[in-house]
Each structure stands twice: as C-alpha cells, then as structure tokens.
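Engineer: Handing you a structure now.
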Amino acid sequence: VLIGELSATDATARMRAACGLRELGDRAVDAIGPLVALLSDAAPVDGTLCGRRWSRHGDDNLTSPGEEAAAALVAIGTRAFQPLLAALKQDAWIARRNAAWALGALDDNRAVAALVESMRDREAPVREQSAWALGAIDDTQAVPALIAALKDQDFRVRRQAAWALGAIDDSRAVPGLIQAIEDTDERTRAQAAWA
C-alpha cells in the first residue's frame, strides 16, 4: 500500500508514504526502486506531518517527498547504497542532491569517490550537499576536493566545504581555511575559523 502511495497525485500522500516506509527500516527493501524514483520530487510539504520539526534547507519546517524518500532509503540501510550511488547521475539535480545527502547519512566511505566527483556538479545545491556528505563520512580522501571547493562561486558551497574540512580534521586544509577567513560571506568566514 505504501509503495503504491509513492505515486499518488497528492504530494502530502507521497510524503506520508515515504515516511511510513522510513519507519519500516530495512523491512521496506522492496521499496528501494520506487523511493529512488521519488528522489526528484521537490513538492513542498509541511515536515511536521511526518513527525519531524526540522528542515535541511531552511527554517520553515518544509520538506518534500524526495527528501523523505532519501530518509527512507537511509533507514533501509546498506542495500540502498548502490541505487543511491547510481542516483548521483540522475538528470534531475534535486534527485542528485537528495542522493548525496543520503549517502552522507549512510556514512559509507565507498561513496567518497562518487561524492568527490559530484563536487563538480553544475548545480550548487548538489555541490553543497556533497560537501556535507563528505564531511559526514569523514574520509581524508575528500580533503583536496573540499579545499578546492573553498573557492567555489557559491557561498553556500564554500561554507559547507569549510565545515566538512573541520569535521575531517586534516592539517592539509589549514592554508585554504586561512584564506577562507577572508571570504566575502560572513558565515563562511565564521565556519572557516571554526574549522
């Protein structure tokens, strides 16, 4: 029933189905394909309807069926890893962003090379989420790509790269972080100082 609801015309129904599958955890393994297909769904929905009071992309408690699908895939666990890795290549940037988040949340260092590659994505939100994921995975292989991202044209990517470098705690990042303390974005400067 929940898998069928993932294709409902109503965004709230799609989101609630993804939330229900998240609650099932690894018992929802049969939903991996439909959940991956839902990753590109960016319809804004009240996140509190899923029992959460947070949002990864703002302070408004909005979520989307795609974000909830990513959370459900993380709850399923390791069997969702390869499909999520493949989703980093989807045409829709929202799907790529949600897949990057999920890979970081899975905390599996096999994703590092693909996430480093997605740091060159044409869409800034994908690069930003990939930087977060690399910091969450905490693998030193990501350091050179994250140092390069300190010069990204988008301040959100620079800020997230500074955070990730601080999370990884590799001294190779120090010169780049020192330069980032002079960034035009105040919050990037603060994040670089923290790192």
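Residues in the structure tokens are numbered from 1 in each chain, the chains being A, B, ... in the order shown, and ligands are numbered from 1 in the order shown.
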Considering only C-alpha atoms, return as a ChimeraX atom specification whatever protein or nucleic-acid residues lie within 6 Å of segment 15-30 of chain A, sequence-local ones (same chain, fewer than 6 positions apart) excluded.

Structural biologist: /A:2,5-6,65,68-69,72,75-76

Engineer: Taking only chain A into account, list the residues labelled strand (DSSP E or B) by DSSP (computed from the backbone), as a list in words.

Structural biologist: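 The residues of chain A classed as strand (DSSP E or B) are Val45, Asp46, Leu62 and Thr63 of chain A.
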
Engineer: If you keep C-alpha atoms, can you produce a file of those selected residues as a tab-separated table (two decimals), in the first residue's frame?

Structural biologist:
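Everything below was put into result.tsv:
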chain	number	residue	atom	x	y	z
A	45	VAL	CA	5.11	19.75	2.18
A	46	ASP	CA	4.81	20.52	5.89
A	62	LEU	CA	9.13	22.32	4.89
A	63	THR	CA	10.25	19.05	3.44

Engineer: Quick one: of A:Asp91, A:Asp107, A:Asp169, A:Glu67, who's nearest to Glu123 of chain A, counting only C-alpha atoms?

Structural biologist: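 Among the listed residues, the smallest separation from Glu123 of chain A belongs to A:Asp91.
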
Engineer: For Val157 of chain A, which residue out of A:Pro125, A:Gly135, A:Gly51, A:Pro144 is the nearest one, using only C-alpha atoms?

Structural biologist: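 When distances to Val157 of chain A are compared using only C-alpha atoms, the smallest one comes from A:Pro125.
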
Engineer: Quick one: everything within 10 Å of Val116 of chain A, counting only C-alpha atoms, minus sequence neighbours fewer than 4 positions away in the same chain. Send it as an MDAnalysis selection string.

Structural biologist: chainID A and resid 111:112 120:121 127 130:131 133:134 141:146

Engineer: So which one's closest to Ala86 of chain A, A:Ala100, A:Ala42, A:Ala148, A:Cys50? Using only C-alpha atoms, please.

Structural biologist: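 The shortest atom-to-atom distance to Ala86 of chain A comes from A:Ala100.
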
Engineer: Record the distance separating atom CA of Thr188 of chain A and atom CA of Arg158 of chain A, expressed in Å with one decimal.

Structural biologist: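 One can read the atom CA of Thr188 of chain A to atom CA of Arg158 of chain A distance as 6.5 Å.
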
Engineer: Nearest residue to Gly166 of chain A out of A:Glu128, A:Asp108, A:Glu117, A:Asp138, using only C-alpha atoms?

Structural biologist: A:Asp138

Engineer: Extract the full set of helix (DSSP H, G or I) residues from segment 94-168 of chain A according to DSSP on the backbone, and format it as number ranges by chain.

Structural biologist: A: 94-106, 109-118, 124-137, 140-149, 155-168

Engineer: I want to know what sits within 12 Å of Arg156 of chain A, based on only C-alpha atoms, with residues of the same chain fewer than 4 positions away left out; could you give that as a PyMOL selection string?

Structural biologist: chain A and resi 57+123-132+149-152+160-163+183-189+191

Engineer: When you draw a straight line from atom CA of Gly104 of chain A to atom CA of Ala193 of chain A, how long is it in Å?

Structural biologist: 23.4 Å
